[in-house]
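So this one's final.txt, compact mmCIF, C-alpha atoms:
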# COMPACT_ATOMS: atom_id res chain seq x y z
CA MET A 1 119.61 -99.59 7.57
CA LYS A 2 116.45 -99.82 5.46
CA THR A 3 116.67 -98.35 1.97
CA MET A 4 114.29 -97.37 -0.80
CA GLU A 5 114.51 -96.13 -4.37
CA VAL A 6 113.63 -92.62 -5.49
CA ARG A 7 113.22 -91.62 -9.13
CA LEU A 8 113.39 -87.98 -10.09
CA ASN A 9 114.74 -85.57 -12.69
CA VAL A 10 117.67 -83.41 -11.70
CA ASN A 11 118.65 -80.64 -14.08
CA GLY A 12 116.86 -82.47 -16.88
CA GLU A 13 118.52 -85.83 -16.27
CA ALA A 14 116.54 -88.85 -15.05
CA LYS A 15 117.99 -90.25 -11.84
CA GLN A 16 117.27 -93.26 -9.71
CA TRP A 17 118.92 -93.24 -6.32
CA THR A 18 118.96 -95.57 -3.36
CA ILE A 19 118.15 -93.58 -0.25
CA ALA A 20 117.26 -94.14 3.38
CA PRO A 21 113.58 -93.39 4.10
CA GLY A 22 114.56 -90.61 6.49
CA ASP A 23 117.09 -88.93 4.18
CA LEU A 24 116.60 -85.25 3.53
CA LEU A 25 116.72 -83.96 -0.04
CA LEU A 26 119.64 -81.65 0.83
CA ASP A 27 121.79 -84.57 2.02
CA VAL A 28 120.99 -86.74 -0.99
CA LEU A 29 121.69 -83.97 -3.51
CA ARG A 30 125.06 -83.21 -1.92
CA ARG A 31 125.90 -86.92 -1.67
CA GLU A 32 125.25 -87.14 -5.41
CA GLY A 33 127.65 -84.27 -6.08
CA TYR A 34 125.37 -81.25 -6.37
CA PHE A 35 127.52 -79.07 -4.14
CA GLY A 36 125.83 -75.89 -5.32
CA VAL A 37 123.06 -76.90 -2.90
CA LYS A 38 124.51 -75.39 0.26
CA ARG A 39 124.20 -76.71 3.78
CA GLY A 40 123.47 -73.68 5.91
CA CYS A 41 121.23 -73.53 8.96
CA GLU A 42 119.36 -76.82 8.29
CA ALA A 43 116.26 -75.26 9.82
CA GLY A 44 114.65 -73.43 6.91
CA GLU A 45 115.89 -70.01 8.02
CA CYS A 46 118.79 -69.15 5.70
CA GLY A 47 117.59 -70.49 2.36
CA ALA A 48 121.08 -71.52 1.18
CA CYS A 49 119.82 -75.04 0.35
CA THR A 50 117.16 -73.73 -2.06
CA VAL A 51 116.38 -75.79 -5.15
CA LEU A 52 113.47 -75.47 -7.57
CA LEU A 53 111.01 -78.34 -7.24
CA ASP A 54 108.71 -78.39 -10.27
CA GLY A 55 109.70 -74.76 -10.80
CA LYS A 56 109.02 -73.58 -7.26
CA PRO A 57 111.71 -72.65 -4.74
CA ILE A 58 111.81 -74.86 -1.66
CA ASN A 59 114.27 -75.41 1.18
CA SER A 60 115.82 -78.82 0.49
CA CYS A 61 116.85 -79.09 4.16
CA LEU A 62 113.18 -79.38 5.14
CA MET A 63 112.08 -81.92 2.57
CA PHE A 64 112.52 -85.66 2.70
CA ALA A 65 114.22 -87.00 -0.42
CA ALA A 66 111.38 -89.51 -0.78
CA GLN A 67 109.00 -86.57 -1.28
CA ALA A 68 110.83 -85.63 -4.49
CA GLU A 69 109.69 -88.86 -6.19
CA GLY A 70 108.68 -88.00 -9.75
CA ALA A 71 109.61 -84.34 -9.38
CA ASP A 72 111.75 -82.07 -11.54
CA VAL A 73 114.55 -80.64 -9.43
CA LEU A 74 116.68 -77.74 -10.62
CA THR A 75 119.92 -76.90 -8.83
CA ILE A 76 122.35 -74.10 -9.67
CA GLU A 77 124.38 -76.64 -11.67
CA GLY A 78 121.52 -76.82 -14.17
CA VAL A 79 120.98 -73.08 -14.67
CA ALA A 80 123.72 -72.34 -17.25
CA HIS A 81 123.14 -73.37 -20.86
CA GLY A 82 126.21 -75.50 -21.55
CA ASP A 83 129.19 -73.15 -21.34
CA THR A 84 127.00 -70.07 -21.57
CA LEU A 85 125.88 -68.53 -18.30
CA ASP A 86 122.25 -67.66 -17.79
CA ALA A 87 121.38 -63.95 -18.01
CA LEU A 88 120.84 -63.94 -14.23
CA GLN A 89 124.30 -65.38 -13.59
CA GLU A 90 125.86 -62.79 -15.92
CA ALA A 91 123.96 -60.02 -14.18
CA PHE A 92 125.17 -61.18 -10.74
CA LEU A 93 128.77 -60.99 -12.02
CA ASP A 94 128.27 -57.62 -13.73
CA HIS A 95 126.74 -56.07 -10.63
CA GLY A 96 129.23 -57.42 -8.10
CA ALA A 97 126.36 -59.27 -6.45
CA VAL A 98 128.64 -62.14 -5.42
CA GLN A 99 131.08 -62.03 -2.55
CA CYS A 100 131.70 -65.30 -0.70
CA GLY A 101 129.17 -67.00 -2.96
CA PHE A 102 127.50 -69.17 -0.34
CA CYS A 103 124.04 -67.67 -0.83
CA THR A 104 124.43 -67.05 -4.56
CA PRO A 105 122.92 -70.33 -5.85
CA ALA A 106 119.82 -69.74 -3.72
CA MET A 107 119.57 -66.08 -4.75
CA ILE A 108 119.75 -67.01 -8.43
CA LEU A 109 117.30 -69.91 -8.17
CA ASN A 110 114.78 -67.79 -6.28
CA ALA A 111 115.21 -65.01 -8.84
CA LYS A 112 114.83 -67.50 -11.70
CA ALA A 113 111.57 -68.84 -10.27
CA LEU A 114 110.31 -65.26 -10.03
CA LEU A 115 111.34 -64.27 -13.57
CA ASP A 116 109.95 -67.51 -15.04
CA ARG A 117 106.60 -66.63 -13.50
CA LYS A 118 106.84 -62.87 -13.85
CA PRO A 119 109.39 -61.64 -16.42
CA HIS A 120 109.14 -57.97 -15.38
CA PRO A 121 108.82 -57.79 -11.61
CA SER A 122 108.84 -54.65 -9.50
CA GLU A 123 111.73 -54.05 -7.11
CA GLU A 124 109.43 -54.98 -4.23
CA GLU A 125 108.61 -58.30 -5.87
CA VAL A 126 112.33 -59.00 -6.32
CA ARG A 127 113.00 -58.19 -2.67
CA GLU A 128 110.15 -60.45 -1.63
CA ALA A 129 111.53 -63.30 -3.79
CA LEU A 130 114.98 -62.93 -2.22
CA ALA A 131 113.70 -62.46 1.34
CA GLY A 132 114.10 -66.15 2.16
CA THR A 133 117.81 -66.16 1.37
CA LEU A 134 120.17 -64.67 3.92
CA CYS A 135 123.38 -62.99 2.74
CA ARG A 136 126.04 -62.07 5.31
CA CYS A 137 128.47 -60.40 2.84
CA THR A 138 127.27 -57.86 0.32
CA GLY A 139 123.76 -57.43 1.60
CA TYR A 140 120.85 -57.37 -0.77
CA ARG A 141 121.16 -54.22 -2.83
CA LYS A 142 123.46 -55.61 -5.51
CA PRO A 143 121.57 -58.89 -5.91
CA VAL A 144 118.32 -56.91 -6.25
CA GLU A 145 119.92 -54.67 -8.89
CA ALA A 146 121.27 -57.73 -10.70
CA VAL A 147 117.85 -59.39 -10.88
CA LEU A 148 116.20 -56.20 -12.11
CA ALA A 149 118.96 -55.82 -14.75
CA ALA A 150 118.51 -59.43 -15.90
CA ALA A 151 114.77 -58.79 -16.25
CA ARG A 152 115.50 -55.69 -18.36
CA GLU A 153 118.02 -57.65 -20.42
CA SER A 154 115.46 -60.33 -21.28
CA ALA A 155 113.03 -57.64 -22.47
CA ARG A 156 115.45 -56.68 -25.24
CA MET B 1 119.16 -86.81 11.25
CA PHE B 2 116.19 -89.13 10.70
CA ASP B 3 118.22 -92.34 10.62
CA THR B 4 115.69 -94.10 12.85
CA VAL B 5 113.04 -93.93 10.11
CA GLU B 6 112.31 -97.39 8.72
CA ALA B 7 109.77 -96.60 6.04
CA PHE B 8 108.39 -93.66 4.10
CA TYR B 9 104.85 -93.98 2.79
CA ARG B 10 103.01 -91.86 0.24
CA PRO B 11 99.37 -92.91 0.54
CA GLY B 12 97.04 -91.94 -2.29
CA SER B 13 93.97 -91.56 -0.10
CA VAL B 14 92.91 -90.51 3.39
CA ARG B 15 91.68 -94.04 4.09
CA GLU B 16 95.11 -95.48 3.33
CA ALA B 17 96.83 -92.74 5.35
CA LEU B 18 94.63 -93.54 8.37
CA ARG B 19 95.37 -97.25 8.09
CA LEU B 20 99.12 -96.55 7.99
CA LEU B 21 98.81 -94.19 10.93
CA GLN B 22 96.98 -96.82 12.94
CA ASP B 23 99.45 -99.59 11.99
CA GLY B 24 102.38 -97.38 12.95
CA LYS B 25 100.99 -96.88 16.47
CA ASN B 26 102.79 -94.06 18.23
CA ARG B 27 105.85 -94.37 16.04
CA ALA B 28 104.22 -93.10 12.84
CA ARG B 29 104.09 -89.41 12.02
CA VAL B 30 102.25 -87.57 9.31
CA VAL B 31 104.32 -85.24 7.16
CA ALA B 32 103.20 -82.72 4.56
CA GLY B 33 105.31 -79.57 4.10
CA GLY B 34 107.83 -80.74 6.70
CA THR B 35 108.66 -77.20 7.78
CA ASP B 36 107.87 -77.93 11.43
CA LEU B 37 108.34 -81.69 11.62
CA VAL B 38 111.87 -81.69 10.16
CA VAL B 39 113.02 -78.90 12.45
CA GLU B 40 111.54 -80.68 15.46
CA ALA B 41 113.70 -83.75 14.55
CA ASP B 42 111.85 -86.23 16.76
CA ARG B 43 114.04 -89.32 16.99
CA SER B 44 111.19 -91.62 18.00
CA ILE B 45 109.73 -91.53 14.49
CA ARG B 46 109.90 -94.92 12.72
CA PHE B 47 107.35 -94.38 9.94
CA LEU B 48 106.67 -91.26 7.92
CA ILE B 49 103.36 -90.87 6.14
CA ASP B 50 103.43 -88.19 3.46
CA ILE B 51 99.83 -87.07 2.94
CA THR B 52 100.50 -84.60 0.12
CA HIS B 53 99.20 -87.15 -2.43
CA ALA B 54 96.07 -88.08 -0.48
CA GLY B 55 93.82 -85.69 -2.40
CA LEU B 56 93.83 -82.97 0.26
CA SER B 57 95.22 -80.07 -1.79
CA TYR B 58 92.21 -78.04 -2.88
CA ILE B 59 90.29 -74.83 -2.32
CA ARG B 60 86.57 -74.96 -3.07
CA ARG B 61 84.14 -72.11 -2.85
CA LYS B 62 80.55 -72.89 -1.94
CA ASP B 63 78.55 -69.70 -2.37
CA LYS B 64 80.20 -67.38 0.16
CA ALA B 65 81.66 -70.22 2.20
CA CYS B 66 84.92 -71.98 1.50
CA VAL B 67 86.58 -75.30 2.20
CA ILE B 68 90.33 -75.78 2.09
CA GLY B 69 92.07 -79.17 1.99
CA ALA B 70 94.61 -79.76 4.75
CA THR B 71 97.66 -80.03 2.49
CA THR B 72 96.94 -76.83 0.58
CA THR B 73 100.12 -74.74 0.75
CA MET B 74 100.39 -71.20 2.04
CA ALA B 75 101.43 -70.16 -1.49
CA ALA B 76 98.26 -71.67 -2.95
CA ILE B 77 96.11 -69.92 -0.34
CA GLU B 78 97.84 -66.60 -0.86
CA ASN B 79 97.28 -66.78 -4.63
CA SER B 80 93.78 -68.25 -4.68
CA PRO B 81 91.14 -65.91 -6.18
CA ALA B 82 88.49 -67.56 -3.95
CA ILE B 83 90.48 -66.88 -0.76
CA ARG B 84 91.42 -63.40 -1.88
CA ALA B 85 87.72 -62.67 -2.34
CA LEU B 86 86.78 -64.03 1.10
CA ALA B 87 86.54 -61.52 3.99
CA GLY B 88 88.68 -58.92 2.26
CA GLY B 89 91.34 -61.53 1.54
CA ILE B 90 92.37 -61.67 5.19
CA LEU B 91 93.41 -65.34 5.11
CA ALA B 92 95.48 -64.79 1.95
CA ARG B 93 97.13 -61.88 3.73
CA ALA B 94 98.03 -64.01 6.76
CA ALA B 95 99.30 -66.87 4.58
CA ALA B 96 101.53 -64.41 2.70
CA THR B 97 103.35 -63.50 5.93
CA CYS B 98 103.89 -67.12 6.93
CA GLY B 99 107.62 -67.39 6.25
CA SER B 100 109.75 -66.97 3.14
CA VAL B 101 108.74 -67.84 -0.42
CA GLN B 102 110.38 -71.24 -0.01
CA ILE B 103 108.55 -71.95 3.26
CA ARG B 104 105.21 -70.85 1.79
CA ASN B 105 105.71 -73.26 -1.12
CA MET B 106 106.04 -76.10 1.39
CA ALA B 107 104.05 -75.26 4.54
CA THR B 108 100.42 -76.35 4.59
CA LEU B 109 97.30 -75.03 6.27
CA GLY B 110 96.67 -78.30 8.11
CA GLY B 111 100.27 -78.30 9.32
CA ASN B 112 100.01 -74.73 10.58
CA LEU B 113 97.13 -75.84 12.80
CA ALA B 114 98.45 -79.31 13.72
CA ASN B 115 101.75 -77.88 14.92
CA GLY B 116 99.70 -76.14 17.60
CA SER B 117 101.84 -73.04 17.85
CA PRO B 118 100.09 -70.09 19.48
CA ALA B 119 101.84 -67.90 16.88
CA ALA B 120 100.37 -69.70 13.83
CA ASP B 121 99.49 -66.84 11.51
CA THR B 122 96.51 -68.47 9.85
CA ALA B 123 95.00 -69.67 13.13
CA SER B 124 93.93 -66.32 14.56
CA VAL B 125 92.37 -65.43 11.21
CA LEU B 126 90.52 -68.75 11.08
CA LEU B 127 89.28 -68.23 14.66
CA ALA B 128 87.89 -64.83 13.71
CA LEU B 129 86.22 -66.41 10.67
CA ASP B 130 84.50 -69.05 12.88
CA ALA B 131 86.29 -71.79 10.94
CA GLU B 132 85.77 -75.46 11.66
CA VAL B 133 88.25 -78.29 11.29
CA VAL B 134 87.28 -81.59 9.71
CA LEU B 135 89.04 -84.49 11.42
CA ALA B 136 89.17 -88.06 10.15
CA ASP B 137 89.94 -91.27 12.04
CA ALA B 138 89.01 -94.94 11.77
CA HIS B 139 85.47 -94.13 12.97
CA GLY B 140 84.77 -91.55 10.29
CA ARG B 141 84.84 -87.79 9.95
CA ARG B 142 83.75 -85.10 12.34
CA LYS B 143 83.70 -81.35 12.17
CA ILE B 144 84.65 -79.30 15.21
CA PRO B 145 85.07 -75.57 15.84
CA LEU B 146 88.69 -74.47 15.69
CA ASN B 147 88.83 -73.43 19.37
CA GLU B 148 87.69 -76.92 20.43
CA PHE B 149 90.34 -78.39 18.19
CA TYR B 150 92.97 -76.42 20.08
CA SER B 151 91.74 -77.44 23.50
CA GLY B 152 91.99 -81.13 22.58
CA LEU B 153 95.06 -80.92 20.36
CA ARG B 154 97.42 -83.07 22.40
CA LYS B 155 94.85 -85.80 22.87
CA THR B 156 93.56 -86.25 19.35
CA LYS B 157 94.83 -89.09 17.16
CA ALA B 158 92.79 -87.95 14.19
CA LEU B 159 94.03 -86.52 10.91
CA ILE B 160 93.11 -82.98 9.86
CA VAL B 161 91.62 -83.31 6.41
CA GLU B 162 89.89 -79.99 5.79
CA VAL B 163 89.23 -76.51 7.13
CA ALA B 164 85.74 -75.15 6.54
CA ILE B 165 85.07 -71.42 6.59
CA PRO B 166 81.41 -70.39 6.78
CA ALA B 167 80.10 -67.41 4.84
CA PRO B 168 81.34 -64.28 6.63
CA PRO B 169 78.66 -61.72 7.63
CA ARG B 170 77.49 -59.45 4.85
CA GLY B 171 79.45 -56.22 4.63
CA GLY B 172 82.04 -57.46 7.15
CA ARG B 173 85.17 -55.38 7.60
CA TRP B 174 88.42 -57.13 8.41
CA SER B 175 91.92 -56.37 9.57
CA PHE B 176 95.01 -58.52 10.17
CA GLN B 177 97.79 -56.99 12.24
CA LYS B 178 101.07 -58.76 12.75
CA LEU B 179 104.10 -57.69 14.70
CA GLY B 180 107.32 -59.49 13.80
CA ARG B 181 110.93 -58.50 13.30
CA THR B 182 110.45 -58.69 9.53
CA GLU B 183 107.54 -59.10 7.13
CA ASN B 184 108.02 -62.88 6.96
CA ASP B 185 109.02 -63.53 10.55
CA ILE B 186 107.06 -65.44 13.15
CA SER B 187 104.54 -63.28 15.01
CA LEU B 188 105.61 -61.70 18.30
CA VAL B 189 101.91 -60.87 18.54
CA ASN B 190 99.16 -60.86 15.96
CA ALA B 191 95.61 -59.59 16.12
CA VAL B 192 92.62 -60.00 13.86
CA ALA B 193 89.39 -58.00 13.93
CA GLY B 194 86.16 -58.49 12.04
CA LEU B 195 83.26 -56.07 12.38
CA GLN B 196 79.80 -55.74 10.93
CA LEU B 197 78.22 -52.33 11.46
CA ASP B 198 74.54 -51.37 11.26
CA SER B 199 73.22 -48.42 9.25
CA LYS B 200 73.95 -46.06 12.18
CA GLY B 201 77.56 -47.22 12.45
CA ARG B 202 76.98 -49.32 15.57
CA VAL B 203 78.71 -52.65 15.90
CA LYS B 204 76.29 -55.50 15.12
CA TRP B 205 78.81 -58.33 15.15
CA ALA B 206 82.42 -58.43 16.30
CA ARG B 207 85.33 -60.84 16.26
CA ILE B 208 88.68 -60.21 17.88
CA ALA B 209 91.31 -62.96 17.74
CA LEU B 210 94.82 -62.90 19.14
CA GLY B 211 97.95 -64.87 18.31
CA ALA B 212 101.10 -65.53 20.35
CA VAL B 213 99.66 -64.14 23.59
CA ALA B 214 98.26 -67.34 25.14
CA PRO B 215 98.98 -71.09 25.04
CA THR B 216 96.84 -71.26 21.89
CA PRO B 217 95.47 -68.67 19.47
CA VAL B 218 92.43 -67.23 21.26
CA ARG B 219 89.37 -65.07 20.75
CA ALA B 220 89.00 -62.10 23.07
CA VAL B 221 85.35 -62.84 23.72
CA HIS B 222 84.83 -60.30 26.51
CA ALA B 223 86.32 -57.56 24.38
CA GLU B 224 84.03 -58.58 21.51
CA LYS B 225 80.96 -58.37 23.81
CA LEU B 226 81.97 -54.93 25.03
CA LEU B 227 81.95 -53.67 21.48
CA VAL B 228 78.58 -54.92 20.29
CA GLY B 229 75.89 -52.24 20.12
CA ARG B 230 78.36 -49.36 20.29
CA GLN B 231 79.96 -46.89 17.93
CA VAL B 232 83.67 -47.51 17.41
CA ASP B 233 84.64 -44.25 19.11
CA GLU B 234 87.55 -43.34 21.35
CA SER B 235 85.93 -44.49 24.59
CA ALA B 236 84.86 -47.82 23.09
CA LEU B 237 88.32 -48.38 21.60
CA ALA B 238 90.09 -47.65 24.89
CA GLU B 239 87.81 -49.96 26.87
CA VAL B 240 87.84 -52.79 24.32
CA CYS B 241 91.60 -52.73 23.83
CA ASP B 242 92.17 -52.76 27.61
CA GLU B 243 89.83 -55.73 27.87
CA ALA B 244 91.60 -57.58 25.04
CA ALA B 245 94.97 -57.00 26.73
CA ARG B 246 93.48 -58.32 30.01
CA GLU B 247 92.24 -61.44 28.22
CA ALA B 248 95.70 -62.13 26.84
CA ARG B 249 97.85 -64.52 28.87
CA PRO B 250 101.28 -63.92 27.32
CA ILE B 251 104.56 -65.47 28.38
CA THR B 252 108.11 -64.19 28.29
CA ASP B 253 110.36 -66.02 25.84
CA VAL B 254 113.36 -65.33 23.58
CA ARG B 255 111.28 -63.15 21.29
CA ALA B 256 109.50 -60.82 23.69
CA SER B 257 108.56 -60.31 27.32
CA ALA B 258 105.06 -60.95 28.59
CA GLY B 259 104.62 -57.26 29.42
CA TYR B 260 105.64 -56.16 25.95
CA ARG B 261 103.34 -58.72 24.35
CA ARG B 262 100.39 -57.54 26.44
CA GLU B 263 101.06 -53.93 25.52
CA MET B 264 101.44 -54.79 21.82
CA CYS B 265 98.21 -56.76 22.01
CA ARG B 266 96.48 -53.55 23.08
CA VAL B 267 98.15 -51.60 20.24
CA LEU B 268 97.42 -54.16 17.52
CA VAL B 269 93.78 -54.62 18.53
CA ARG B 270 93.32 -50.85 18.38
CA ARG B 271 94.91 -50.66 14.93
CA ALA B 272 92.78 -53.55 13.73
CA LEU B 273 89.54 -52.00 15.01
CA GLU B 274 90.43 -48.58 13.67
CA GLU B 275 91.08 -50.09 10.25
CA CYS B 276 87.79 -51.97 10.34
CA ALA B 277 85.87 -48.85 11.40
CA ALA B 278 87.52 -46.76 8.68
CA GLY B 279 86.97 -49.50 6.12
CA THR B 280 90.68 -49.44 5.27
CA GLY B 281 91.48 -52.92 6.47
CA CYS B 282 91.94 -56.01 4.40
CA SER B 283 91.07 -55.70 0.76
CA LEU B 284 93.48 -57.56 -1.45
For the structure just supplied, provide its representation as structure tokens.
Amino acid sequence: MKTMEVRLNVNGEAKQWTIAPGDLLLDVLRREGYFGVKRGCEAGECGACTVLLDGKPINSCLMFAAQAEGADVLTIEGVAHGDTLDALQEAFLDHGAVQCGFCTPAMILNAKALLDRKPHPSEEEVREALAGTLCRCTGYRKPVEAVLAAARESAR
Amino acid sequence: MFDTVEAFYRPGSVREALRLLQDGKNRARVVAGGTDLVVEADRSIRFLIDITHAGLSYIRRKDKACVIGATTTMAAIENSPAIRALAGGILARAAATCGSVQIRNMATLGGNLANGSPAADTASVLLALDAEVVLADAHGRRKIPLNEFYSGLRKTKALIVEVAIPAPPRGGRWSFQKLGRTENDISLVNAVAGLQLDSKGRVKWARIALGAVAPTPVRAVHAEKLLVGRQVDESALAEVCDEAAREARPITDVRASAGYRREMCRVLVRRALEECAAGTGCSL
């Protein structure tokens, strides 16, 4: 099997990994232990594999790992500040927005990308940001409330 | 899944990309956003050529006309002031429905066309806007109308480098209508209308384009002709929408039956024309 090197930043740490040229970013991240990046549909439908690439949410199941060369990747593992949860993570807990947890990393990363760009979004903008992440447990109401609450929290 | 891939290239120019494509013969594939190519999972691919660093991500306005580089993402199109100002922002509107936030951050305009899906959301809009596609191969560049591009899609070995949109007619009114299960879903049917009216409210210029009702996105040229010179009144609407539905050649698939698609084609064309006539269509 042919291999190549890819250099990127994951959660602020510089990484250099040996990959196969056809490896997908999802597979490489999980192989390297980032299990918060979930393997769902593998067809770009469910959004569970979402990571932020240079601040923008993408489906890591649809991107070749080689395409992440030089990029900043943020996974759910990099969202908390040491032992302190991010305001979004706290809000998801406070609002009961987590049930099985499979979609939660993607929900939070999509919400983070939105709030980083737009600190005070409307409910419609929150719904739009979460529309690419499918939840089969709680539905969307509690996650939407949690994101809006986190946005209010940051205003204080 | 892609364990047959032997090399991944990231050319920094179109020239280099073309050379790699030629060297790779039929076993090289171009990748940009990957949202179609990865799902397709073609096991014959040996070489991947990522063109997202080849200088093709740009939107340039030239007076009222616009050129868009092939690897420009749907998100960039949707948020571009130049595209939002063009033809009521109809292309930005279509790009904004082209999948989830994540997909729109990855999917590119060139890819939406190259994939050749009759349901491509941007394609019917680009047809209505008389867009041209700039193709590059070893012999140079050539510009062809979008409908010609579709008729030769399976034969061409060229690379899409740019989409050129000419200045839309002055005072044009536009509408984009999409029917899908959700806001971000693939189109079951989509319809685009563009109208220019004279001072008496008669149609001077008309474009009607349809998506997901034929093997490729198509213009309903007979319906357009029926409309020119007339007021957009009830009798014109009924006749034109019937004609558009007749021009459609839909199929039955998992998403909808042919009969339903034809009927929805009639409904969406009517809504699009009504919006254009009322001036309540696209204005982002």
Item checked: Expected answer as a PyMOL selection string: chain A residues within 9 Å of chain B, only C-alpha atoms -> chain A and resi 1-4+20-24+42-45+47+50+56-59+61-64+66-67+110+128-133
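Between CA of Lys62 in chain B and CA of Ala128 in chain B the separation is 19.1 Å.
Of the residues listed (A:Ser154, A:Gly101, A:Thr138, A:Gln89), A:Ser154 shows the shortest atom-to-atom separation from Lys118 in chain A; distances use all atoms listed in the file.
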Excluding Val192 in chain B and its own-chain neighbours fewer than 2 positions away, which residues fall within 6 Å of it when counting only C-alpha atoms? Please give them as a PDB file with C-alpha atoms, keeping the file's coordinate frame.
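For reference, out_33.pdb as written:
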ATOM      1  CA  SER B 175      91.920 -56.370   9.570  1.00  0.00           C
ATOM      2  CA  PHE B 176      95.010 -58.520  10.170  1.00  0.00           C
ATOM      3  CA  ILE B 208      88.680 -60.210  17.880  1.00  0.00           C
ATOM      4  CA  ALA B 209      91.310 -62.960  17.740  1.00  0.00           C
TER       5      ALA B 209
END
Note to self: Here's a test: counting all atoms listed in the file, identify every protein, DNA and RNA residue with an atom at most 6 Å from (102.8, -61.3, 28.8) in the file's coordinate frame, and state them as a PyMOL selection string.
What the structure shows: chain B and resi 249-251+258-259+261-262
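CA of Gln177 in chain B lies 19.6 Å from CA of Asp233 in chain B.
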Considering all atoms listed in the file, return as a tab-separated table (two decimals) with C-alpha atoms, in the coordinates of the input whatever protein or nucleic-acid residues lie within 6 Å of Ser60 in chain A, sequence-local ones (same chain, fewer than 5 positions apart) excluded.
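So selection-v5.tsv came out as:
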chain	number	residue	atom	x	y	z
A	25	LEU	CA	116.72	-83.96	-0.04
A	26	LEU	CA	119.64	-81.65	0.83
A	49	CYS	CA	119.82	-75.04	0.35
A	50	THR	CA	117.16	-73.73	-2.06
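Atom to atom, CA of Thr104 in chain A and CA of Thr108 in chain B stand 27.3 Å apart.
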Next item on the list: Find the residues near Asp54 in chain A: any atom within 9 Å, counting all atoms listed in the file, skip ones fewer than 3 places away on the same chain, and give them as a ChimeraX atom specification.
Entry: /A:57,71-74
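In this comparison, which uses all atoms listed in the file, the residue of A:Ala14, A:Ala151, A:Leu134, A:Ala146 approaching Cys46 in chain A most closely is A:Leu134.
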